[in-house]
Amino acid sequence: MATTTWTRRHILSLADFVSEEYNTVLQTAASFQEVLSRRLKKVPSLQGQLVANLFFEPSTRTRSSFELAAKRLSADTLNFAPGTSSLTKGETILDTAKTYLAMGCDMMVIRHKQAGVPQAIADEMDRLDSRVGILNAGDGQHEHPSQGLLDLFTICSLLDPDRPHLELLEGKKIAIVGDILHSRVARSNIWSLTATGAEVHLAGPPTLVPQLFADFGTGRAGRLFLHWTIEPALQDADFVMTLRLQKERMDQNLLPSLREYHQRFGITRERLKLCKPNVKVLHPGPVNRGVEISSDLMDDPEFSLISQQVTSGVAVRMALLYLMGGGKA
Amino acid sequence: MATTTWTRRHILSLADFVSEEYNTVLQTAASFQEVLSRRLKKVPSLQGQLVANLFFEPSTRTRSSFELAAKRLSADTLNFAPGTSSLTKGETILDTAKTYLAMGCDMMVIRHKQAGVPQAIADEMDRLDSRVGILNAGDGQHEHPSQGLLDLFTICSLLDPDRPHLELLEGKKIAIVGDILHSRVARSNIWSLTATGAEVHLAGPPTLVPQLFADFGTGRAGRLFLHWTIEPALQDADFVMTLRLQKERMDQNLLPSLREYHQRFGITRERLKLCKPNVKVLHPGPVNRGVEISSDLMDDPEFSLISQQVTSGVAVRMALLYLMGGGKA
Amino acid sequence: MATTTWTRRHILSLADFVSEEYNTVLQTAASFQEVLSRRLKKVPSLQGQLVANLFFEPSTRTRSSFELAAKRLSADTLNFAPGTSSLTKGETILDTAKTYLAMGCDMMVIRHKQAGVPQAIADEMDRLDSRVGILNAGDGQHEHPSQGLLDLFTICSLLDPDRPHLELLEGKKIAIVGDILHSRVARSNIWSLTATGAEVHLAGPPTLVPQLFADFGTGRAGRLFLHWTIEPALQDADFVMTLRLQKERMDQNLLPSLREYHQRFGITRERLKLCKPNVKVLHPGPVNRGVEISSDLMDDPEFSLISQQVTSGVAVRMALLYLMGGGKA
């Protein structure tokens, strides 16, 4: 395990992550990736610690990934089921979090449809002088830092499986395609990728890629570009990230039909010819086959990193919980 | 751990609890409270035993507390989800319980909106000569014994953290304020507190504090008083327990507006001046802030024991499962 | 534990099970039945392995049984909750399964209301060269192999508790009564029981016992008979299996009233007089008391094997997961 000292109690956003932190996460995740390749895929690191998954917005996929990460670190877990909760009884979210604190939680993994809820809980936990760590598992359209970190780990592990590190991305071109505006995944990825020195090219319809995103890259090691057509983003790209399209955007008149979206921004074998020959495609899942990406491409291991992202997710979340939990292996 | 012999197989009600039993629970819970202050918060006491949480009425808070208590004793747990259960397929509750018995459950923690269901299941388990223990986690308006015991433990631990015991409450005055009529928490607390020799003062609107409650105290060590205004209950009180107000009581015309309820029976800093200087406030949660209790008072650690109650809940439930499970540490 | 080599990666159907496989399951389950009679009911066989319960169709009973079996083998478990899943987000079932594969699942237990889904997932897992094992926990009206195996184990264990084996059923007469047409339990039982050399007699209303079922027995060691009245099926029967009646069959005009169904096909003390003196009754649960079986008979341990079936379920599912998981004890 990494010997670097980790000082961040909460993981809420990648906006202020520094290189040393990215590299500590990448190296720690690489160690756990190795653990996950063994027959006995568990370590006792967090034995006796308690991780609560407070998913105010339901998500089987992300919740399962965190639950599994906690269990493989030998932590105990509690899952909060919003449908049957005290929230329906009028309790505030902060009071719910304080209840889990009082039960003895060491870490809380929080997802909420409103941006800022994990931060508000973290502030309250600090105000109470608790030592609980809060991990943002997706808050509204704000951030989804563990997704950004697992995407980074997936890419860096491909470039150097033994020693994934940030500097591998210097000079790489990465396209992020789709509904940037509403995507917390895009925001977290923009922070991490521009921190690496990569060029990040955003592409999507103008309604979903507003000009203001250009500011995100200001003062970062990498550079950020916006495109309202897909071709310049894909041209010579090393990696293409395509985002999940929320179908309700159509009802909001932000999108034409799914068919037209696919024709203009869908990732296909043909379009990938614009990219570097070894280009790889990422998608945070779940995928609308034939919308964001053509079905055959999604299943082609030569191009698709989608299943590696899921696998990386467990290793990266183990790394985050481990580092937040004191990192005593 | 306590060496006292525990003979009660089921914990269904505090009506017939005797002093030795209260003290055994308090002492055992104190031992587990110490375990919970360690870094490794687990003991192997119930390893290989199976605790089923059959919550026919949903409750994240209480279910989480029991699930955590079981896990920290190293038991395996099964959670019964009413929405997706065989009950919707026409199976009787007793048949559901017998299914969990046949699966090899050692203990069942039961919550049901109808009074008497845990007792009925316990009777059936005994009739079948099973050795399964049933723990009532709240049945209708009947009882919620683990809540009564955790409230007792919270109070006694404050008075003597090293050796919480029943006799500490002799001569203390305790007010229970609010909807006594519909509260299983109130009933369990009345049994435990009058067993200690404390004076218990009930206060609430006449529709919610009927005269018949006076009979509960008959023949007990302590005394029970009823009030339809809050002042005489608070006067010189050592502890104030305020109960959760079910908002549906208003639809039943048992209550004026929430605002008026708060004005007449809400616990505020001002009202606490009637009490002893070191008075403490308890609430079983979840709290309607600004209704049962003013928001600032709830968050003031000088007065509020609410988060200690949640913490005590885990230790007390560990004690109950441990004692029911044979107490072999 | 059994030393026989187990070569079947997936357990999807009993149609092609061979005698050696049945006997390996029976013997392995008998070993685990013994484990379950100990105070410490766990073995470390699957430590560090991950079992995902993907119940696209909800079922507390069967899911709890599998979850418990996995936990008692020391596996980690993940439960998939269909209501809150990515399926509502448009993801395909195969993509959901591939996500759990990528997370590192070793085995997946699948229930789905459509026949063939577990097979389709197994095919995909094999195509991907994964080593994941798929266990069908009930697919539409197709099969429910673990139920068939636990029924077989329940019967054989009664006949020889120390060494349950297939040959014990030679020459026995077994009646299966009720809605054969829609029952996956019936189909799995027909395969297993006709493999043993038993005579299997199906009985039910003609709408629910179509003639085509006669073909199931073709070429099997045992023989299969169809009856549209109950008496010839019960005559001299050694075992009577009655099936759960889905009440929605009445809306489909496949059934008269429940009362009339009970009068014609309900199992009662009176009717059992037609059977062998030591006849035993099985039901897969949950039971509609007074419909498929009279209430008093269901509770009579002299006749009813219903609770033994539930107990056997855990042992048999432990055996299946253990054998699929490599059988390294």
# chains A, B, ... in the order shown; residues from 1 in each chain; ligands from 1
>>> select_by_dssp(residues="range 90-220 of chain C", states="strand (DSSP E or B)", output="list in words")
Met107, Met108, Val109, Ile110, Arg111, His112, Gly133, Ile134, Leu135, Asn136, Ala137, Gly138, Asp139, Glu143, Lys173, Ile174, Ala175, Ile176, Val177, Glu199, Val200, His201, Leu202 and Ala203 of chain C
>>> write_last_selection(atoms="N, CA and C atoms", output="mmCIF file, in the first residue's frame")
data_model
loop_
_atom_site.group_PDB
_atom_site.id
_atom_site.type_symbol
_atom_site.label_atom_id
_atom_site.label_comp_id
_atom_site.auth_asym_id
_atom_site.auth_seq_id
_atom_site.Cartn_x
_atom_site.Cartn_y
_atom_site.Cartn_z
ATOM 1 N N MET C 107 -20.353 -15.869 -8.767
ATOM 2 C CA MET C 107 -21.588 -16.564 -9.118
ATOM 3 C C MET C 107 -22.739 -15.585 -9.127
ATOM 4 N N MET C 108 -23.708 -15.837 -10.005
ATOM 5 C CA MET C 108 -24.909 -15.018 -10.028
ATOM 6 C C MET C 108 -26.122 -15.941 -9.909
ATOM 7 N N VAL C 109 -26.999 -15.585 -9.006
ATOM 8 C CA VAL C 109 -28.250 -16.311 -8.819
ATOM 9 C C VAL C 109 -29.333 -15.450 -9.456
ATOM 10 N N ILE C 110 -30.007 -15.992 -10.477
ATOM 11 C CA ILE C 110 -30.890 -15.169 -11.298
ATOM 12 C C ILE C 110 -32.335 -15.645 -11.222
ATOM 13 N N ARG C 111 -33.219 -14.719 -10.917
ATOM 14 C CA ARG C 111 -34.653 -14.995 -11.075
ATOM 15 C C ARG C 111 -35.234 -13.960 -12.029
ATOM 16 N N HIS C 112 -36.070 -14.427 -12.938
ATOM 17 C CA HIS C 112 -36.689 -13.517 -13.899
ATOM 18 C C HIS C 112 -38.039 -14.084 -14.308
ATOM 19 N N GLY C 133 -20.355 -18.594 -12.673
ATOM 20 C CA GLY C 133 -21.415 -19.594 -12.695
ATOM 21 C C GLY C 133 -22.779 -18.953 -12.525
ATOM 22 N N ILE C 134 -23.746 -19.409 -13.310
ATOM 23 C CA ILE C 134 -25.111 -18.876 -13.240
ATOM 24 C C ILE C 134 -26.026 -19.937 -12.646
ATOM 25 N N LEU C 135 -26.822 -19.530 -11.670
ATOM 26 C CA LEU C 135 -27.769 -20.445 -11.057
ATOM 27 C C LEU C 135 -29.182 -19.904 -11.278
ATOM 28 N N ASN C 136 -29.984 -20.685 -11.933
ATOM 29 C CA ASN C 136 -31.377 -20.301 -12.202
ATOM 30 C C ASN C 136 -32.204 -20.439 -10.921
ATOM 31 N N ALA C 137 -32.687 -19.323 -10.412
ATOM 32 C CA ALA C 137 -33.529 -19.344 -9.206
ATOM 33 C C ALA C 137 -35.000 -19.184 -9.575
ATOM 34 N N GLY C 138 -35.347 -19.614 -10.779
ATOM 35 C CA GLY C 138 -36.730 -19.531 -11.227
ATOM 36 C C GLY C 138 -36.855 -18.615 -12.423
ATOM 37 N N ASP C 139 -37.208 -19.174 -13.577
ATOM 38 C CA ASP C 139 -37.371 -18.346 -14.779
ATOM 39 C C ASP C 139 -38.715 -18.659 -15.417
ATOM 40 N N GLU C 143 -38.170 -23.395 -15.320
ATOM 41 C CA GLU C 143 -37.612 -24.299 -14.314
ATOM 42 C C GLU C 143 -37.229 -23.548 -13.046
ATOM 43 N N LYS C 173 -44.272 -43.940 -5.480
ATOM 44 C CA LYS C 173 -45.287 -43.200 -6.241
ATOM 45 C C LYS C 173 -45.420 -41.788 -5.670
ATOM 46 N N ILE C 174 -45.272 -40.809 -6.542
ATOM 47 C CA ILE C 174 -45.326 -39.417 -6.104
ATOM 48 C C ILE C 174 -46.389 -38.667 -6.904
ATOM 49 N N ALA C 175 -47.315 -38.045 -6.182
ATOM 50 C CA ALA C 175 -48.348 -37.235 -6.846
ATOM 51 C C ALA C 175 -47.950 -35.770 -6.821
ATOM 52 N N ILE C 176 -48.124 -35.092 -7.965
ATOM 53 C CA ILE C 176 -47.951 -33.635 -8.012
ATOM 54 C C ILE C 176 -49.301 -33.055 -8.402
ATOM 55 N N VAL C 177 -49.850 -32.214 -7.527
ATOM 56 C CA VAL C 177 -51.243 -31.790 -7.660
ATOM 57 C C VAL C 177 -51.344 -30.281 -7.842
ATOM 58 N N GLU C 199 -42.525 -43.321 -9.945
ATOM 59 C CA GLU C 199 -43.719 -43.046 -10.745
ATOM 60 C C GLU C 199 -44.242 -41.679 -10.366
ATOM 61 N N VAL C 200 -44.453 -40.794 -11.346
ATOM 62 C CA VAL C 200 -44.945 -39.458 -11.050
ATOM 63 C C VAL C 200 -46.345 -39.302 -11.625
ATOM 64 N N HIS C 201 -47.297 -38.941 -10.768
ATOM 65 C CA HIS C 201 -48.687 -38.775 -11.186
ATOM 66 C C HIS C 201 -49.085 -37.316 -11.064
ATOM 67 N N LEU C 202 -49.388 -36.691 -12.184
ATOM 68 C CA LEU C 202 -49.827 -35.300 -12.177
ATOM 69 C C LEU C 202 -51.343 -35.248 -12.104
ATOM 70 N N ALA C 203 -51.863 -34.360 -11.241
ATOM 71 C CA ALA C 203 -53.319 -34.225 -11.165
ATOM 72 C C ALA C 203 -53.713 -32.767 -11.046
#
>>> residues_around(residues="Gly266 in chain A", least_positions_apart="3", cutoff="12 Å", atoms="only C-alpha atoms", output="number ranges by chain")
A: 176-179, 203-205, 229-231, 234, 240-245, 258-263, 269-272, 281, 283, 287-295, 297-298
>>> interface_residues(of="chain B", to="chain A", cutoff="7 Å", atoms="only C-alpha atoms", output="ChimeraX atom specification")
/B:40-42,58-60,64,286-288,307-308,310-311,314
>>> select_by_dssp(residues="range 147-315 of chain B", states="helix (DSSP H, G or I)", output="PyMOL selection string")
chain B and resi 147-159+166-169+184-195+211-217+231-234+248-251+258-265+269-272+295-298+306-315
>>> write_last_selection(atoms="C-alpha atoms", output="PDB file, in the first residue's frame")
ATOM      1  CA  GLN B 147     -36.434   1.971  23.090  1.00  0.00           C
ATOM      2  CA  GLY B 148     -37.490   2.019  26.746  1.00  0.00           C
ATOM      3  CA  LEU B 149     -34.274   0.241  27.704  1.00  0.00           C
ATOM      4  CA  LEU B 150     -32.049   2.516  25.651  1.00  0.00           C
ATOM      5  CA  ASP B 151     -33.693   5.571  27.180  1.00  0.00           C
ATOM      6  CA  LEU B 152     -33.090   4.076  30.623  1.00  0.00           C
ATOM      7  CA  PHE B 153     -29.489   3.297  29.722  1.00  0.00           C
ATOM      8  CA  THR B 154     -28.947   6.815  28.379  1.00  0.00           C
ATOM      9  CA  ILE B 155     -30.194   8.345  31.627  1.00  0.00           C
ATOM     10  CA  CYS B 156     -28.409   5.951  33.975  1.00  0.00           C
ATOM     11  CA  SER B 157     -25.146   6.225  32.009  1.00  0.00           C
ATOM     12  CA  LEU B 158     -25.265   9.963  32.409  1.00  0.00           C
ATOM     13  CA  LEU B 159     -25.698   9.582  36.156  1.00  0.00           C
ATOM     14  CA  LEU B 166     -31.644   1.269  38.224  1.00  0.00           C
ATOM     15  CA  GLU B 167     -31.294   2.666  41.713  1.00  0.00           C
ATOM     16  CA  LEU B 168     -29.755   5.861  40.319  1.00  0.00           C
ATOM     17  CA  LEU B 169     -33.242   6.969  39.326  1.00  0.00           C
ATOM     18  CA  ARG B 184     -45.554   2.615  22.272  1.00  0.00           C
ATOM     19  CA  VAL B 185     -42.407   4.424  23.354  1.00  0.00           C
ATOM     20  CA  ALA B 186     -44.290   6.120  26.187  1.00  0.00           C
ATOM     21  CA  ARG B 187     -45.796   2.838  27.359  1.00  0.00           C
ATOM     22  CA  SER B 188     -42.429   1.074  27.508  1.00  0.00           C
ATOM     23  CA  ASN B 189     -40.871   4.048  29.284  1.00  0.00           C
ATOM     24  CA  ILE B 190     -43.657   4.249  31.822  1.00  0.00           C
ATOM     25  CA  TRP B 191     -43.024   0.613  32.756  1.00  0.00           C
ATOM     26  CA  SER B 192     -39.277   0.992  33.090  1.00  0.00           C
ATOM     27  CA  LEU B 193     -39.252   4.354  34.838  1.00  0.00           C
ATOM     28  CA  THR B 194     -41.915   3.515  37.387  1.00  0.00           C
ATOM     29  CA  ALA B 195     -39.956   0.336  38.141  1.00  0.00           C
ATOM     30  CA  GLN B 211     -57.109   9.451  32.446  1.00  0.00           C
ATOM     31  CA  LEU B 212     -56.750   5.676  32.115  1.00  0.00           C
ATOM     32  CA  PHE B 213     -52.964   6.056  31.994  1.00  0.00           C
ATOM     33  CA  ALA B 214     -53.003   6.740  35.719  1.00  0.00           C
ATOM     34  CA  ASP B 215     -53.567   3.022  36.235  1.00  0.00           C
ATOM     35  CA  PHE B 216     -50.261   2.055  34.659  1.00  0.00           C
ATOM     36  CA  GLY B 217     -48.379   3.126  37.751  1.00  0.00           C
ATOM     37  CA  GLU B 231     -45.838  23.432  33.466  1.00  0.00           C
ATOM     38  CA  PRO B 232     -46.514  21.081  36.401  1.00  0.00           C
ATOM     39  CA  ALA B 233     -44.772  18.264  34.552  1.00  0.00           C
ATOM     40  CA  LEU B 234     -41.640  20.316  33.900  1.00  0.00           C
ATOM     41  CA  GLU B 248     -51.981  12.414  11.051  1.00  0.00           C
ATOM     42  CA  ARG B 249     -53.367  13.051  14.545  1.00  0.00           C
ATOM     43  CA  MET B 250     -54.518  16.429  13.278  1.00  0.00           C
ATOM     44  CA  ASP B 251     -56.665  14.830  10.606  1.00  0.00           C
ATOM     45  CA  LEU B 258     -48.639  22.110  14.859  1.00  0.00           C
ATOM     46  CA  ARG B 259     -47.991  25.731  15.724  1.00  0.00           C
ATOM     47  CA  GLU B 260     -50.480  25.682  18.550  1.00  0.00           C
ATOM     48  CA  TYR B 261     -49.137  22.319  19.751  1.00  0.00           C
ATOM     49  CA  HIS B 262     -45.650  23.803  19.901  1.00  0.00           C
ATOM     50  CA  GLN B 263     -46.915  26.820  21.781  1.00  0.00           C
ATOM     51  CA  ARG B 264     -48.595  24.668  24.401  1.00  0.00           C
ATOM     52  CA  PHE B 265     -46.324  21.601  24.644  1.00  0.00           C
ATOM     53  CA  ARG B 269     -35.115  26.914  26.363  1.00  0.00           C
ATOM     54  CA  GLU B 270     -37.596  29.165  28.155  1.00  0.00           C
ATOM     55  CA  ARG B 271     -39.727  26.284  29.396  1.00  0.00           C
ATOM     56  CA  LEU B 272     -36.699  24.340  30.619  1.00  0.00           C
ATOM     57  CA  SER B 295     -34.561  23.520  16.765  1.00  0.00           C
ATOM     58  CA  ASP B 296     -31.748  25.235  18.667  1.00  0.00           C
ATOM     59  CA  LEU B 297     -32.420  23.240  21.838  1.00  0.00           C
ATOM     60  CA  MET B 298     -32.291  19.981  19.931  1.00  0.00           C
ATOM     61  CA  ILE B 306     -30.831  12.781  21.456  1.00  0.00           C
ATOM     62  CA  SER B 307     -27.622  11.649  19.813  1.00  0.00           C
ATOM     63  CA  GLN B 308     -26.577   9.736  22.946  1.00  0.00           C
ATOM     64  CA  GLN B 309     -29.881   7.864  22.674  1.00  0.00           C
ATOM     65  CA  VAL B 310     -28.971   6.697  19.170  1.00  0.00           C
ATOM     66  CA  THR B 311     -25.523   5.623  20.334  1.00  0.00           C
ATOM     67  CA  SER B 312     -26.985   3.867  23.375  1.00  0.00           C
ATOM     68  CA  GLY B 313     -29.408   2.113  21.047  1.00  0.00           C
ATOM     69  CA  VAL B 314     -26.649   0.086  19.440  1.00  0.00           C
ATOM     70  CA  ALA B 315     -25.093  -0.899  22.779  1.00  0.00           C
TER      71      ALA B 315
END
>>> atom_distance(atom1="CA of Thr207 in chain C", atom2="CA of Ala115 in chain C")
20.6 Å
>>> residues_around(residues="Ala122 in chain C", least_positions_apart="2", cutoff="9 Å", atoms="only C-alpha atoms", output="mmCIF file with N, CA and C atoms, in the first residue's frame")
data_model
loop_
_atom_site.group_PDB
_atom_site.id
_atom_site.type_symbol
_atom_site.label_atom_id
_atom_site.label_comp_id
_atom_site.auth_asym_id
_atom_site.auth_seq_id
_atom_site.Cartn_x
_atom_site.Cartn_y
_atom_site.Cartn_z
ATOM 1 N N HIS C 10 -22.835 -23.987 -14.824
ATOM 2 C CA HIS C 10 -24.110 -23.335 -14.542
ATOM 3 C C HIS C 10 -25.150 -24.375 -14.125
ATOM 4 N N LEU C 12 -29.001 -24.554 -14.586
ATOM 5 C CA LEU C 12 -30.083 -23.830 -15.257
ATOM 6 C C LEU C 12 -31.348 -24.654 -15.354
ATOM 7 N N VAL C 117 -34.053 -16.413 -19.426
ATOM 8 C CA VAL C 117 -33.117 -15.333 -19.095
ATOM 9 C C VAL C 117 -31.834 -15.869 -18.453
ATOM 10 N N PRO C 118 -31.921 -16.773 -17.454
ATOM 11 C CA PRO C 118 -30.660 -17.285 -16.881
ATOM 12 C C PRO C 118 -29.779 -17.972 -17.934
ATOM 13 N N GLN C 119 -30.416 -18.726 -18.836
ATOM 14 C CA GLN C 119 -29.664 -19.383 -19.918
ATOM 15 C C GLN C 119 -28.976 -18.333 -20.800
ATOM 16 N N ALA C 120 -29.693 -17.282 -21.139
ATOM 17 C CA ALA C 120 -29.121 -16.242 -22.002
ATOM 18 C C ALA C 120 -27.928 -15.571 -21.319
ATOM 19 N N GLU C 124 -23.941 -15.727 -22.472
ATOM 20 C CA GLU C 124 -23.129 -14.518 -22.639
ATOM 21 C C GLU C 124 -21.858 -14.590 -21.786
ATOM 22 N N MET C 125 -22.004 -15.089 -20.569
ATOM 23 C CA MET C 125 -20.831 -15.213 -19.691
ATOM 24 C C MET C 125 -19.790 -16.157 -20.307
ATOM 25 N N ASP C 126 -20.283 -17.255 -20.912
ATOM 26 C CA ASP C 126 -19.369 -18.205 -21.550
ATOM 27 C C ASP C 126 -18.715 -17.587 -22.783
ATOM 28 N N ARG C 127 -19.535 -16.868 -23.559
ATOM 29 C CA ARG C 127 -19.004 -16.220 -24.754
ATOM 30 C C ARG C 127 -17.874 -15.252 -24.392
ATOM 31 N N VAL C 132 -17.643 -17.222 -14.532
ATOM 32 C CA VAL C 132 -18.790 -17.020 -13.643
ATOM 33 C C VAL C 132 -19.813 -18.141 -13.794
ATOM 34 N N GLY C 133 -20.355 -18.594 -12.673
ATOM 35 C CA GLY C 133 -21.415 -19.594 -12.695
ATOM 36 C C GLY C 133 -22.779 -18.953 -12.525
ATOM 37 N N ILE C 134 -23.746 -19.409 -13.310
ATOM 38 C CA ILE C 134 -25.111 -18.876 -13.240
ATOM 39 C C ILE C 134 -26.026 -19.937 -12.646
ATOM 40 N N LEU C 135 -26.822 -19.530 -11.670
ATOM 41 C CA LEU C 135 -27.769 -20.445 -11.057
ATOM 42 C C LEU C 135 -29.182 -19.904 -11.278
#
